[in-house]
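The structure appears right after this line, and notes come after that.
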Amino acid sequence: MISGSQLKNAILSGSNNIAKYKKQINELNIFPVPDGDTGTNMSMTIGAAAQALQKEEDTLPASQMAKKAASSMLRGARGNSGVILSLLFRGISKGLEEKEEISGEDLVAALELGVEEAYKAVMKPTEGTILTVARVASERAREALELGSDPVQVWDAACMGAQDALEETPELLPVLKKAGVVDAGGQGLCLIFEGMLSVFRSGIVLEAGLSEEEKAQETAEFFRNVAAEFDSEITFTYCTEFVVGRDPDVQKDPLDLRLFLETIGDCVVVVDDEEIIKVHVHTESPGDALQAGLQYGQLLTVKVENMKEQHRKAAEENQVQKAAAVEEPQPQKTALERQEPTEEMGFISVAAGEGLKSLFMDLGCANVVSGGQTMNPSTEDLLEAILATPAKKVFVLPNNKNILMAAEQTVPLATDREVIVIPTRTIPQGLSAMLAFDPDADLEQNREAMLEAAGNVDTGLVTFAARDSEFGGHTIHQGDILGLKNGKLDYIEKDPVTACVRVTRSLSSKHTSFITLIYGEGVTQEQAEEAKRRLEDRLHADVEITLVDGGQPVYYFIISVE
């Protein structure tokens, strides 16, 4: 039987294990634009449970430990992967109600209920994701139960099932197979389950310290980004990275490749599985490294960078960042005070950038939660803003698809007022929804009008590539300027203004009446004016083009076309 204290330590161990490897999970993300990375979101979600459980006495029954963990994870859930993880544990908590200790049968039933909760929360479940990994884990646990009721053996079978399912995710999602990676959310779940197994099996809580591989990767990152304090201390000039698609007919051991690379360079990292070999090395002979890799199969990706050339720019950037850190203290989150629901209807929105926040406030939002791409607010953050809005009915505008599920979790948590989530996926959709609100109409009329308005606006985005990638038929290099139309990557450019003009023109038609260019960090007013001027020269005269200084991070331009 598994006691409450064992369950507590298991969740702590699972939290530590994913925290330890969250960077590697983030690197599995295949979409090249900056986003709220899966590893970070999942780690912060279960980390909320770990933080809460550390304050609890070990004498609590298993049901109370599970309930506390589920409640904390629900409120701390970030991003879609974090929300799915919290729902999985919420189902597990329901399955363990009134259980002092947990038997193998209890564990299986709870896990199955958790999987059911997670699947129900996703409108169109996609196989080859964290959902598949959780489902197969529960199926394997059920099979193991037929052989014996030992909960440790049951959880061991669940972990093995999860790992098997993870390895199959590229076969279910072609985009994963093309990128040569497994599903990031599924990998995170496996790490959490493995951390829990360590406690169930041997009582050992895994630590969150860096692995040797992670230390090596961080060392490599240091050389790549900082390029050392002095050129004379850089032993080798070229940072060489490549991925080899393994030839099944070649039986050579990747260890031999590592040994060879260590004779021609340093900072060697060689990671392999059945399909690929990923290599990082600093060397004076990148050609020799690539030739050695070719002995194992075809090269899928190659990147060679001159670290000495990077030195001057890296040193200058570090000095600027150090000066900024000294001169500009980090802003502290302002606590919101709970307000009694005295008004009929109110609004909260999610946005990043002072200009956008002011814009939403001017349109009637009582509170604007800081967040968006790369910084997904938690369910708790959103709930706090809802309760600080003095209205009986509070409309929530997430303005990002990765925040939508966290917003929906606030609905049952706000018990003294009604929460209505308008599923806006972009900033332009949120702005259009706010403009469609009619104070003389009732709730249902406004809901329909806001949904319709959000659906009638096209969104363009101009951002940068956060990583090298092969995506949507494009070969993308880190730092490229990317133009997206309604979430689809269409253009790769070298400067934000050109990308803005191309995206906006492609979204426009003879029926277009209004265009809003919201420019963010890294774009000057002169550049924004240039983009407007170039569009005015190319579009019909009846189009009204408006510039807004949004101040948003990540996106050079957010474009609204109506």
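Here's how to read the names in the structure tokens: chain A, B, ... by the order shown, residue numbers from 1 in each chain, ligand numbers from 1 in the order shown.
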Using 12 Å as the limit and counting only C-alpha atoms, can you tabulate each residue of stretch 362-399 of chain A that touches stretch 431-444 of chain A, with its shortest atom-to-atom distance in Å and the two atoms involved, as a tab-separated table?
```
residue	atom	partner	partner_atom	distance
A:Asp362	CA	A:Met434	CA	10.2
A:Leu363	CA	A:Met434	CA	6.5
A:Gly364	CA	A:Met434	CA	7.7
A:Cys365	CA	A:Met434	CA	8.4
A:Lys392	CA	A:Leu443	CA	11.0
A:Lys393	CA	A:Leu443	CA	8.2
A:Val394	CA	A:Leu443	CA	10.0
A:Phe395	CA	A:Leu443	CA	9.5
A:Val396	CA	A:Met434	CA	10.4
A:Leu397	CA	A:Ala433	CA	8.4
A:Pro398	CA	A:Leu431	CA	11.2
A:Asn399	CA	A:Leu431	CA	9.0
```
> Mind checking DSSP for stretch 30-236 of chain A and telling me the helix (DSSP H, G or I) residues as a PyMOL selection string?
Replying inline: chain A and resi 38-53+62-76+79-95+104-121+130-145+151-172+174-179+184-202+212-225+231-233
Residue contacts of A:Val133 (7 Å, only C-alpha atoms) excluding same-chain residues fewer than 2 positions away, as a compact mmCIF listing (two decimals) with all heavy atoms, in the first residue's frame:
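See out.txt below for the written result:
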```
# COMPACT_ATOMS: atom_id res chain seq x y z
N THR A 129 0.44 12.74 -28.48
CA THR A 129 0.73 13.82 -27.55
C THR A 129 0.76 13.27 -26.13
O THR A 129 0.69 12.06 -25.91
CB THR A 129 -0.32 14.93 -27.64
OG1 THR A 129 -1.59 14.40 -27.21
CG2 THR A 129 -0.45 15.44 -29.08
N ILE A 130 0.81 14.17 -25.15
CA ILE A 130 0.77 13.79 -23.74
C ILE A 130 -0.47 12.95 -23.43
O ILE A 130 -0.42 12.07 -22.56
CB ILE A 130 0.82 15.05 -22.85
CG1 ILE A 130 0.86 14.69 -21.36
CG2 ILE A 130 -0.33 15.99 -23.16
CD1 ILE A 130 1.00 15.89 -20.46
N LEU A 131 -1.57 13.18 -24.13
CA LEU A 131 -2.79 12.40 -23.90
C LEU A 131 -2.57 10.93 -24.22
O LEU A 131 -2.99 10.05 -23.46
CB LEU A 131 -3.93 12.96 -24.75
CG LEU A 131 -4.42 14.36 -24.40
CD1 LEU A 131 -5.43 14.85 -25.43
CD2 LEU A 131 -5.04 14.38 -23.01
N ARG A 135 -2.74 7.80 -21.63
CA ARG A 135 -3.70 6.73 -21.87
C ARG A 135 -3.03 5.35 -21.90
O ARG A 135 -3.50 4.40 -21.27
CB ARG A 135 -4.45 6.98 -23.18
CG ARG A 135 -5.41 5.84 -23.57
CD ARG A 135 -6.17 6.16 -24.84
NE ARG A 135 -5.30 6.46 -25.96
CZ ARG A 135 -4.61 5.56 -26.66
NH1 ARG A 135 -4.68 4.27 -26.34
NH2 ARG A 135 -3.87 5.92 -27.69
N VAL A 136 -1.94 5.24 -22.65
CA VAL A 136 -1.25 3.96 -22.73
C VAL A 136 -0.69 3.56 -21.37
O VAL A 136 -0.70 2.38 -21.00
CB VAL A 136 -0.13 4.03 -23.79
CG1 VAL A 136 0.69 2.74 -23.79
CG2 VAL A 136 -0.72 4.27 -25.18
N ALA A 137 -0.24 4.53 -20.59
CA ALA A 137 0.25 4.24 -19.24
C ALA A 137 -0.86 3.61 -18.40
O ALA A 137 -0.64 2.62 -17.69
CB ALA A 137 0.75 5.52 -18.57
N ALA A 162 4.13 4.34 -20.59
CA ALA A 162 4.30 5.74 -20.97
C ALA A 162 5.51 5.91 -21.87
O ALA A 162 5.47 6.63 -22.88
CB ALA A 162 4.44 6.61 -19.72
N ALA A 165 4.82 4.49 -25.31
CA ALA A 165 3.94 5.39 -26.06
C ALA A 165 4.70 6.62 -26.54
O ALA A 165 4.46 7.11 -27.65
CB ALA A 165 2.75 5.80 -25.18
N LEU A 166 5.60 7.12 -25.70
CA LEU A 166 6.40 8.29 -26.08
C LEU A 166 7.22 7.99 -27.32
O LEU A 166 7.29 8.81 -28.25
CB LEU A 166 7.31 8.68 -24.92
CG LEU A 166 8.27 9.85 -25.20
CD1 LEU A 166 7.50 11.15 -25.35
CD2 LEU A 166 9.31 9.97 -24.08
N GLY A 186 4.60 14.64 -23.72
CA GLY A 186 4.72 13.23 -23.35
C GLY A 186 6.03 12.95 -22.64
O GLY A 186 6.07 12.18 -21.67
```
>> Neighbouring residues of A:Gly14 were defined as those with any atom within 8 Å, considering only C-alpha atoms; residues of the same chain fewer than 6 positions away were excluded. Please report them as a PyMOL selection string.
In response: chain A and resi 191-196+206
Those residues with C-alpha atoms, as an mmCIF file, in the first residue's frame please?
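Listed below is the output, result_10.cif:
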```
data_model
loop_
_atom_site.group_PDB
_atom_site.id
_atom_site.type_symbol
_atom_site.label_atom_id
_atom_site.label_comp_id
_atom_site.auth_asym_id
_atom_site.auth_seq_id
_atom_site.Cartn_x
_atom_site.Cartn_y
_atom_site.Cartn_z
ATOM 1 C CA LEU A 191 9.861 12.210 -16.330
ATOM 2 C CA ILE A 192 7.219 12.986 -13.698
ATOM 3 C CA PHE A 193 6.055 9.368 -13.570
ATOM 4 C CA GLU A 194 9.669 8.129 -13.314
ATOM 5 C CA GLY A 195 10.327 10.505 -10.446
ATOM 6 C CA MET A 196 7.285 9.161 -8.631
ATOM 7 C CA LEU A 206 15.111 12.441 -6.911
#
```
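Taking atom CA of A:Ile276 as the reference point, atom CA of A:Gln298 is found at 9.6 Å.
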>> Between A:Ala157, A:Ile348, A:Leu96, A:Ile264, which residue has the minimum interatomic distance to A:Ala292, considering only C-alpha atoms?
In response: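 Ranked by minimum distance to A:Ala292, first place goes to A:Ile264.
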>> At a cut-off of 9 Å, using only C-alpha atoms, what residues contact A:Val369? Leave out same-chain residues fewer than 4 positions from it and give the result as a list in words.
In response: Ile348, Ser349, Val350, Ala351, Ala352, Lys357, Pro377, Asp381, Leu382 and Ala385 of chain A
> Between A:Met160, A:Leu197, A:Ala454, A:Leu413, which has the minimum distance to A:Gln6 (counting only C-alpha atoms)?
Replying inline: A:Leu197
> So which one's closest to A:Tyr238, A:Lys303, A:Lys494, A:Arg90, A:Arg140? Using only C-alpha atoms, please.
Replying inline: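 Checking each of A:Lys303, A:Lys494, A:Arg90, A:Arg140 against A:Tyr238, counting only C-alpha atoms, the winner is A:Lys303.
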